[in-house]
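Text of data-v1.csv (CSV, C-alpha atoms) as supplied:
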```
chain,number,residue,atom,x,y,z
Q,1,MET,CA,-16.1,-27.9,4.5
Q,2,SER,CA,-14.6,-28.3,1.0
Q,3,LYS,CA,-16.5,-26.8,-1.9
Q,4,GLN,CA,-16.9,-28.8,-5.0
Q,5,LYS,CA,-17.3,-27.2,-8.4
Q,6,LYS,CA,-17.6,-29.2,-11.7
Q,7,PHE,CA,-17.2,-27.8,-15.2
Q,8,TYR,CA,-18.4,-29.9,-18.1
Q,9,SER,CA,-17.6,-28.9,-21.6
Q,10,VAL,CA,-18.5,-30.7,-24.7
Q,11,GLY,CA,-16.4,-29.9,-27.8
Q,12,LYS,CA,-14.9,-31.5,-30.8
Q,13,ASN,CA,-13.1,-33.9,-28.5
Q,14,PHE,CA,-15.5,-34.8,-25.7
Q,15,LYS,CA,-13.9,-33.8,-22.5
Q,16,ILE,CA,-15.0,-33.7,-18.9
Q,17,HIS,CA,-13.1,-31.2,-16.8
Q,18,GLU,CA,-13.5,-31.6,-13.1
Q,19,ASP,CA,-12.2,-28.9,-11.0
Q,20,VAL,CA,-12.5,-30.0,-7.4
Q,21,LYS,CA,-11.9,-27.1,-5.3
Q,22,ASP,CA,-10.4,-27.9,-1.9
Q,23,GLY,CA,-9.4,-25.2,0.6
Q,24,THR,CA,-6.1,-24.4,-1.0
Q,25,ASN,CA,-7.4,-23.9,-4.5
Q,26,GLY,CA,-10.2,-21.6,-3.2
Q,27,GLN,CA,-7.5,-19.5,-1.4
Q,28,LYS,CA,-5.5,-19.3,-4.5
Q,29,ASP,CA,-8.5,-18.0,-6.6
Q,30,ASP,CA,-9.2,-15.4,-3.9
Q,31,SER,CA,-5.6,-14.4,-3.8
Q,32,ASP,CA,-5.3,-14.2,-7.6
Q,33,ALA,CA,-8.3,-11.9,-7.7
Q,34,MET,CA,-6.8,-9.7,-5.0
Q,35,ILE,CA,-3.4,-9.6,-6.8
Q,36,ALA,CA,-5.3,-8.6,-10.0
Q,37,LEU,CA,-7.1,-5.9,-8.0
Q,38,ALA,CA,-3.9,-4.6,-6.4
Q,39,LYS,CA,-2.1,-4.6,-9.8
Q,40,TYR,CA,-4.7,-3.0,-12.0
Q,41,SER,CA,-6.1,-0.5,-9.5
Q,42,SER,CA,-2.6,1.0,-9.2
Q,43,LEU,CA,-1.9,0.8,-13.0
Q,44,GLY,CA,-1.9,4.6,-13.3
Q,45,TYR,CA,0.6,5.1,-10.5
Q,46,TYR,CA,2.7,2.2,-11.8
Q,47,LEU,CA,3.1,3.9,-15.2
Q,48,VAL,CA,3.4,7.6,-14.2
Q,49,THR,CA,5.8,7.4,-11.3
Q,50,PRO,CA,9.0,6.5,-13.3
Q,51,LEU,CA,8.3,9.5,-15.5
Q,52,LEU,CA,7.9,11.8,-12.5
Q,53,LEU,CA,11.1,10.3,-11.0
Q,54,GLY,CA,13.0,10.9,-14.3
Q,55,VAL,CA,11.9,14.6,-14.3
Q,56,PHE,CA,12.8,15.0,-10.6
Q,57,PHE,CA,16.3,13.6,-11.0
Q,58,GLY,CA,16.7,15.5,-14.3
Q,59,VAL,CA,16.0,18.8,-12.5
Q,60,LEU,CA,18.4,17.8,-9.7
Q,61,VAL,CA,21.2,17.0,-12.3
Q,62,ASP,CA,20.5,20.3,-14.1
Q,63,LYS,CA,20.8,22.3,-10.9
Q,64,ALA,CA,23.9,20.5,-9.8
Q,65,LEU,CA,25.8,20.6,-13.0
Q,66,HIS,CA,24.3,23.7,-14.6
Q,67,ILE,CA,23.5,21.9,-17.9
Q,68,ALA,CA,19.8,22.9,-18.2
Q,69,PRO,CA,17.8,21.6,-20.0
Q,70,SER,CA,19.8,18.5,-21.0
Q,71,GLY,CA,19.2,16.8,-17.6
Q,72,VAL,CA,15.4,17.2,-17.7
Q,73,ILE,CA,15.3,15.9,-21.4
Q,74,CYS,CA,17.4,12.9,-20.5
Q,75,GLY,CA,15.3,12.3,-17.4
Q,76,VAL,CA,12.0,12.5,-19.3
Q,77,LEU,CA,13.4,10.1,-22.0
Q,78,LEU,CA,14.6,7.6,-19.4
Q,79,GLY,CA,11.4,7.9,-17.4
Q,80,THR,CA,9.3,7.3,-20.6
Q,81,ILE,CA,11.4,4.2,-21.4
Q,82,ALA,CA,11.1,3.0,-17.8
Q,83,THR,CA,7.3,3.5,-18.1
Q,84,PHE,CA,7.1,1.3,-21.2
Q,85,TYR,CA,9.4,-1.2,-19.6
Q,86,ASN,CA,7.1,-1.4,-16.6
Q,87,LEU,CA,4.1,-1.9,-18.9
Q,88,TYR,CA,6.0,-4.6,-20.8
Q,89,ARG,CA,6.8,-6.4,-17.5
Q,90,LEU,CA,3.2,-6.1,-16.3
Q,91,THR,CA,1.9,-7.8,-19.5
Q,92,LYS,CA,4.7,-10.4,-19.3
Q,93,GLU,CA,3.8,-11.3,-15.7
Q,94,THR,CA,0.1,-11.5,-16.7
U,95,MET,CA,-16.0,28.6,6.1
U,96,LEU,CA,-14.8,25.4,4.5
U,97,HIS,CA,-11.2,24.8,5.5
U,98,VAL,CA,-9.1,22.1,3.9
U,99,SER,CA,-5.4,21.7,4.8
U,100,ILE,CA,-3.1,19.2,3.0
U,101,ALA,CA,-0.4,19.5,5.7
U,102,PRO,CA,-1.1,18.2,9.2
U,103,ASP,CA,-1.5,20.9,11.9
U,104,ILE,CA,0.8,21.0,14.8
U,105,ILE,CA,-1.2,20.7,18.0
U,106,PHE,CA,1.6,21.1,20.6
U,107,HIS,CA,5.3,20.4,21.3
U,108,ILE,CA,6.9,17.8,23.6
U,109,ALA,CA,10.5,18.8,24.4
U,110,GLY,CA,10.7,20.6,21.0
U,111,PHE,CA,9.2,17.7,19.1
U,112,PRO,CA,6.2,18.8,17.2
U,113,ILE,CA,3.0,16.7,17.7
U,114,SER,CA,0.7,16.9,14.8
U,115,ASN,CA,-3.0,15.9,14.7
U,116,THR,CA,-2.2,12.9,12.4
U,117,PHE,CA,0.6,11.8,14.8
U,118,LEU,CA,-1.8,12.0,17.7
U,119,THR,CA,-4.3,9.8,15.9
U,120,SER,CA,-1.5,7.3,15.1
U,121,VAL,CA,-0.6,7.2,18.8
U,122,ILE,CA,-4.2,6.7,19.9
U,123,PHE,CA,-4.4,3.8,17.4
U,124,LEU,CA,-1.2,2.4,18.8
U,125,ILE,CA,-2.5,2.5,22.4
U,126,LEU,CA,-5.8,0.9,21.4
U,127,SER,CA,-4.0,-1.9,19.5
U,128,VAL,CA,-1.7,-2.6,22.4
U,129,ILE,CA,-4.8,-2.8,24.7
U,130,VAL,CA,-6.4,-5.3,22.2
U,131,MET,CA,-3.1,-7.2,22.0
U,132,VAL,CA,-2.8,-7.5,25.8
U,133,TYR,CA,-6.4,-8.6,26.0
U,134,PHE,CA,-5.8,-11.2,23.3
U,135,GLN,CA,-2.7,-12.6,25.1
U,136,LEU,CA,-4.7,-12.9,28.4
U,137,LYS,CA,-7.7,-14.5,26.8
U,138,LYS,CA,-6.3,-16.5,23.9
U,139,ASN,CA,-7.2,-19.8,25.5
U,140,ASP,CA,-10.7,-18.7,26.4
U,141,ARG,CA,-12.9,-20.3,23.8
U,142,SER,CA,-16.0,-18.3,24.8
U,143,SER,CA,-14.5,-14.9,24.0
U,144,SER,CA,-16.0,-13.6,20.8
U,145,LEU,CA,-13.2,-11.0,20.4
U,146,VAL,CA,-10.5,-13.7,20.5
U,147,PHE,CA,-12.5,-15.8,18.0
U,148,PHE,CA,-12.9,-12.7,15.7
U,149,ILE,CA,-9.2,-11.9,15.8
U,150,HIS,CA,-8.4,-15.6,15.0
U,151,TYR,CA,-10.8,-15.5,12.1
U,152,CYS,CA,-9.4,-12.2,10.7
U,153,MET,CA,-5.8,-13.4,11.0
U,154,ASN,CA,-6.7,-16.7,9.3
U,155,GLY,CA,-8.3,-14.8,6.5
U,156,LEU,CA,-5.2,-12.6,6.1
U,157,HIS,CA,-2.9,-15.6,6.2
U,158,ASN,CA,-5.0,-17.3,3.5
U,159,LEU,CA,-4.7,-14.1,1.4
U,160,PHE,CA,-0.9,-13.9,1.6
U,161,SER,CA,0.1,-17.6,1.6
U,162,PRO,CA,-0.6,-18.3,-2.2
U,163,ILE,CA,1.7,-15.3,-3.0
U,164,LEU,CA,4.6,-15.9,-0.6
U,165,LYS,CA,4.2,-19.7,-0.2
U,166,GLU,CA,6.8,-21.0,2.2
U,167,LYS,CA,8.1,-17.5,3.0
U,168,THR,CA,4.7,-16.5,4.4
U,169,VAL,CA,5.8,-17.4,7.9
U,170,MET,CA,8.7,-14.9,7.7
U,171,PHE,CA,6.7,-11.9,6.3
U,172,PHE,CA,3.2,-12.5,7.7
U,173,PRO,CA,3.8,-10.4,10.9
U,174,PHE,CA,5.0,-7.4,8.9
U,175,LEU,CA,2.3,-7.7,6.2
U,176,SER,CA,-0.6,-8.1,8.7
U,177,ALA,CA,0.7,-5.3,10.8
U,178,LEU,CA,0.9,-3.1,7.8
U,179,PHE,CA,-2.6,-4.0,6.7
U,180,ILE,CA,-4.1,-3.4,10.1
U,181,PHE,CA,-2.3,-0.1,10.6
U,182,VAL,CA,-3.4,1.2,7.2
U,183,LEU,CA,-6.9,-0.1,7.5
U,184,PHE,CA,-7.6,1.4,10.9
U,185,SER,CA,-5.8,4.6,10.1
U,186,ASN,CA,-8.1,5.0,7.0
U,187,TRP,CA,-11.2,4.1,9.1
U,188,LEU,CA,-10.3,6.3,12.1
U,189,GLY,CA,-10.7,9.3,9.8
U,190,LEU,CA,-14.4,8.5,9.3
U,191,LEU,CA,-15.3,8.3,13.0
U,192,PRO,CA,-17.4,11.1,14.5
U,193,GLY,CA,-15.1,13.5,16.3
U,194,VAL,CA,-12.1,12.9,14.1
U,195,GLY,CA,-11.8,16.1,12.1
U,196,SER,CA,-14.8,17.7,13.8
U,197,ILE,CA,-13.3,18.5,17.2
U,198,ILE,CA,-11.7,21.9,16.6
U,199,ILE,CA,-9.2,23.5,19.0
U,200,GLU,CA,-8.1,27.1,18.9
U,201,GLN,CA,-4.5,27.7,18.2
U,202,GLY,CA,-3.7,31.4,18.3
U,203,GLU,CA,-5.8,32.9,15.4
U,204,ARG,CA,-6.3,29.5,13.7
U,205,SER,CA,-8.8,26.8,14.5
U,206,VAL,CA,-7.4,23.3,13.7
U,207,PRO,CA,-8.9,19.8,14.1
U,208,LEU,CA,-7.6,17.9,17.1
U,209,LEU,CA,-7.5,14.5,15.3
U,210,LYS,CA,-7.0,13.7,11.6
U,211,ALA,CA,-6.7,10.3,9.8
U,212,ALA,CA,-3.0,9.3,9.8
U,213,THR,CA,-3.0,8.2,6.2
U,214,ALA,CA,-4.4,11.5,5.1
U,215,ASP,CA,-0.9,12.9,5.8
U,216,LEU,CA,1.8,12.5,3.2
U,217,ASN,CA,4.4,12.1,6.0
U,218,THR,CA,2.8,8.9,7.3
U,219,THR,CA,2.3,7.3,3.8
U,220,LEU,CA,5.8,8.3,2.7
U,221,SER,CA,7.3,6.8,5.8
U,222,LEU,CA,5.3,3.6,5.3
U,223,ALA,CA,6.4,3.5,1.7
U,224,ILE,CA,10.1,3.9,2.7
U,225,ILE,CA,9.7,1.1,5.3
U,226,VAL,CA,8.1,-1.2,2.7
U,227,PHE,CA,10.9,-0.3,0.2
U,228,LEU,CA,13.6,-1.1,2.8
U,229,VAL,CA,11.9,-4.4,3.7
U,230,ILE,CA,11.7,-5.4,0.0
U,231,GLN,CA,15.4,-4.6,-0.5
U,232,GLY,CA,16.3,-6.4,2.7
U,233,ALA,CA,14.2,-9.5,1.8
U,234,GLY,CA,15.9,-9.6,-1.7
U,235,MET,CA,19.4,-9.3,-0.2
U,236,TYR,CA,18.6,-11.9,2.5
U,237,SER,CA,17.4,-14.4,0.0
U,238,LEU,CA,19.7,-13.9,-3.0
U,239,GLY,CA,22.7,-12.5,-1.2
U,240,VAL,CA,23.8,-8.8,-1.6
U,241,SER,CA,25.7,-9.3,-4.9
U,242,GLY,CA,23.0,-11.7,-6.3
U,243,TYR,CA,20.3,-9.2,-5.6
U,244,LEU,CA,22.2,-6.1,-6.8
U,245,SER,CA,23.1,-7.8,-10.1
U,246,LYS,CA,19.5,-7.1,-11.1
U,247,PHE,CA,20.3,-3.4,-11.0
U,248,ILE,CA,24.0,-3.2,-11.9
U,249,SER,CA,24.9,-5.6,-14.6
U,250,PHE,CA,27.9,-5.5,-17.0
U,251,LYS,CA,26.9,-8.6,-19.0
U,252,GLY,CA,26.1,-6.5,-22.0
U,253,PRO,CA,24.7,-3.1,-23.1
U,254,ILE,CA,21.1,-4.3,-22.9
U,255,ALA,CA,21.6,-5.8,-19.4
U,256,PHE,CA,23.2,-2.6,-18.3
U,257,PHE,CA,20.4,-0.4,-19.6
U,258,THR,CA,17.7,-2.8,-18.2
U,259,GLY,CA,19.5,-2.4,-14.8
U,260,ILE,CA,19.0,1.4,-15.0
U,261,LEU,CA,15.3,0.9,-15.8
U,262,GLU,CA,15.0,-1.5,-13.0
U,263,THR,CA,16.6,1.0,-10.6
U,264,ILE,CA,14.1,3.7,-11.7
U,265,SER,CA,11.2,1.3,-11.3
U,266,GLU,CA,12.4,0.3,-7.9
U,267,PHE,CA,12.6,3.9,-6.6
U,268,SER,CA,9.3,4.8,-8.2
U,269,LYS,CA,7.7,2.2,-5.9
U,270,ILE,CA,8.2,4.6,-3.0
U,271,ILE,CA,6.3,7.4,-4.8
U,272,SER,CA,3.7,5.1,-6.1
U,273,PHE,CA,3.0,3.6,-2.6
U,274,ALA,CA,3.0,7.0,-0.8
U,275,PHE,CA,0.9,9.0,-3.3
U,276,ARG,CA,-1.7,6.3,-4.0
U,277,LEU,CA,-2.6,5.9,-0.3
U,278,PHE,CA,-2.4,9.6,0.5
U,279,GLY,CA,-4.3,10.6,-2.6
U,280,ASN,CA,-7.2,8.2,-2.1
U,281,ILE,CA,-7.7,8.9,1.6
U,282,PHE,CA,-7.1,12.6,1.4
U,283,ALA,CA,-9.5,12.9,-1.5
U,284,GLY,CA,-12.1,10.9,0.4
U,285,GLU,CA,-11.8,13.3,3.4
U,286,VAL,CA,-12.1,16.4,1.2
U,287,LEU,CA,-15.1,14.8,-0.6
U,288,LEU,CA,-16.9,14.1,2.7
U,289,VAL,CA,-16.2,17.7,4.0
U,290,VAL,CA,-17.5,19.3,0.8
U,291,ILE,CA,-20.6,17.1,0.7
U,292,ALA,CA,-21.3,17.8,4.4
U,293,PHE,CA,-20.8,21.5,3.7
U,294,LEU,CA,-23.2,21.6,0.7
U,295,VAL,CA,-26.0,19.2,2.0
U,296,PRO,CA,-25.5,18.5,5.7
U,297,ILE,CA,-28.4,16.1,6.2
U,298,LEU,CA,-28.3,12.5,4.8
U,299,ALA,CA,-26.3,13.3,1.7
U,300,PRO,CA,-22.9,12.4,3.2
U,301,PHE,CA,-24.1,8.9,4.2
U,302,PRO,CA,-23.6,7.1,0.8
U,303,PHE,CA,-20.2,8.8,0.5
U,304,LEU,CA,-19.3,7.6,4.0
U,305,LEU,CA,-20.1,4.0,3.0
U,306,LEU,CA,-18.0,4.6,-0.1
U,307,GLU,CA,-15.1,5.8,2.0
U,308,VAL,CA,-15.4,2.7,4.3
U,309,PHE,CA,-15.0,0.6,1.1
U,310,VAL,CA,-12.2,2.7,-0.3
U,311,GLY,CA,-10.3,2.5,3.1
U,312,PHE,CA,-10.5,-1.3,3.0
U,313,ILE,CA,-9.5,-1.6,-0.6
U,314,GLN,CA,-6.5,0.8,-0.2
U,315,ALA,CA,-5.3,-1.2,2.8
U,316,LEU,CA,-5.7,-4.4,0.9
U,317,VAL,CA,-3.9,-3.0,-2.2
U,318,PHE,CA,-1.0,-1.6,0.0
U,319,ALA,CA,-0.5,-5.0,1.7
U,320,MET,CA,-1.0,-7.1,-1.4
U,321,LEU,CA,1.4,-5.1,-3.5
U,322,THR,CA,4.0,-5.3,-0.7
U,323,ALA,CA,3.6,-9.1,-0.7
U,324,VAL,CA,3.9,-9.2,-4.5
U,325,PHE,CA,7.0,-7.0,-4.6
U,326,ILE,CA,8.6,-9.0,-1.7
U,327,ASN,CA,7.9,-12.2,-3.7
U,328,LEU,CA,9.5,-10.6,-6.8
U,329,ALA,CA,12.5,-9.6,-4.8
U,330,VAL,CA,13.1,-13.0,-3.3
U,331,THR,CA,12.7,-14.9,-6.6
U,332,PRO,CA,16.0,-15.4,-8.5
U,333,HIS,CA,16.0,-13.5,-11.8
U,334,HIS,CA,17.6,-14.6,-15.1
```
Here is the file; what I need is its structure written in the form of structure tokens.
Amino acid sequence: MSKQKKFYSVGKNFKIHEDVKDGTNGQKDDSDAMIALAKYSSLGYYLVTPLLLGVFFGVLVDKALHIAPSGVICGVLLGTIATFYNLYRLTKET
Amino acid sequence: MLHVSIAPDIIFHIAGFPISNTFLTSVIFLILSVIVMVYFQLKKNDRSSSLVFFIHYCMNGLHNLFSPILKEKTVMFFPFLSALFIFVLFSNWLGLLPGVGSIIIEQGERSVPLLKAATADLNTTLSLAIIVFLVIQGAGMYSLGVSGYLSKFISFKGPIAFFTGILETISEFSKIISFAFRLFGNIFAGEVLLVVIAFLVPILAPFPFLLLEVFVGFIQALVFAMLTAVFINLAVTPHH
């Protein structure tokens, strides 16, 4: 059975919004909520993992090329920028 | 004495292949799911069967969850996503059953649990994360073509595009770590919490935490599958 939900708002310009929810819209709302849950519950991991990856590859480069600590420093810098880039993308998507 | 081990314990070997307690739990889940699948295949036209109705209801719910994200591509990825969701969900929940973690066997001088939740082992979650990563890349290449998809990571259109490509590559690989550690961390922490509470106050006190872990297990499975769907959708969408 389809659910019906009506929103009435009276403002400067009198408007009546009718949001008739059929099955598809209801699904979309549920799915949007789930996407938000998935995105924001993993926000910490989303931001910290590029940094970890940068450090990891920095250490690897340092060991392989014997250029310590330049590799780790570059890795941390790149990881930090990637973290902020992820944050930027997340806000842009939202 | 309280014993918490991060690594899975090797129970026995089959032709030199080590069988750990988490692997054993996965195999038990696999056998149970095959039994349910065969039962479903045999009874799928029987309208009086409540199990068949329940499976239909769950699959319909899952389909409704993924279809607004993947739209017309849902048909292609639904089997993978639903299998992923069900495996992670039941692996999380199997760790809460009585007997899992509490049946102890002697192995030389050590006593180790015979069964352990599969997702409380980093090997399982890391392999799931690698599978998801490969599927995301495969889906992207299938939809946009190899060069079209890789142009997101390697671009010589300008210095900014080149640098963004490097950042995209780091973000892409960080998905593996993010997927693996989120699931492992949550489920392993839950197991440790339950063991510690049961060790401190054995009667009634673990019950609310057990309920919490049922909830956490469901949420983590949902997050794992939803994020996979979202990343697949991002990979198959042309970028500018």
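In this structure, atom CA of U:Gly202 sits 26.7 Å away from atom CA of U:Leu188.
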Would you kindly report the residues of chain Q within 7 Å of chain U, using all atoms listed in the file, as a VMD selection string?
-> chain Q and resid 27 to 28 31 35 38 45 to 46 49 to 50 53 82
Which residues, written as a PyMOL selection string, have at least one atom at most 9 Å from stretch 54-57 of chain Q, with only C-alpha atoms counted and residues fewer than 6 positions away on the same chain left out?
-> (chain Q and resi 71-80+82) or (chain U and resi 264)
Only C-alpha atoms, please: the residues just picked out, written as a tab-separated table (two decimals), in the coordinates of the input.
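What follows is the written file out-v5.tsv:
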```tsv
chain	number	residue	atom	x	y	z
Q	71	GLY	CA	19.20	16.80	-17.60
Q	72	VAL	CA	15.40	17.20	-17.70
Q	73	ILE	CA	15.30	15.90	-21.40
Q	74	CYS	CA	17.40	12.90	-20.50
Q	75	GLY	CA	15.30	12.30	-17.40
Q	76	VAL	CA	12.00	12.50	-19.30
Q	77	LEU	CA	13.40	10.10	-22.00
Q	78	LEU	CA	14.60	7.60	-19.40
Q	79	GLY	CA	11.40	7.90	-17.40
Q	80	THR	CA	9.30	7.30	-20.60
Q	82	ALA	CA	11.10	3.00	-17.80
U	264	ILE	CA	14.10	3.70	-11.70
```
Straight-line distance linking atom CA of U:Val121 with atom CA of U:Ile197, stated in Å to one decimal |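 If I compute the distance from atom CA of U:Val121 to atom CA of U:Ile197, I get 17.1 Å.
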Contacts of U:Asn186 within 7 Å, only C-alpha atoms, excl. fewer than 3 positions in-chain, as an mmCIF file with C-alpha atoms, in the coordinates of the input:
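Written output follows (part-v9.cif):
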```cif
data_model
loop_
_atom_site.group_PDB
_atom_site.id
_atom_site.type_symbol
_atom_site.label_atom_id
_atom_site.label_comp_id
_atom_site.auth_asym_id
_atom_site.auth_seq_id
_atom_site.Cartn_x
_atom_site.Cartn_y
_atom_site.Cartn_z
ATOM 1 C CA VAL U 182 -3.400 1.200 7.200
ATOM 2 C CA LEU U 183 -6.900 -0.100 7.500
ATOM 3 C CA GLY U 189 -10.700 9.300 9.800
ATOM 4 C CA ALA U 211 -6.700 10.300 9.800
ATOM 5 C CA THR U 213 -3.000 8.200 6.200
ATOM 6 C CA ILE U 281 -7.700 8.900 1.600
ATOM 7 C CA GLY U 311 -10.300 2.500 3.100
#
```
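Compared by their closest atoms to Q:Thr91, and using all atoms listed in the file, the residues Q:Leu51, Q:Asp62, Q:Ile67, Q:Lys39 rank with Q:Lys39 nearest.
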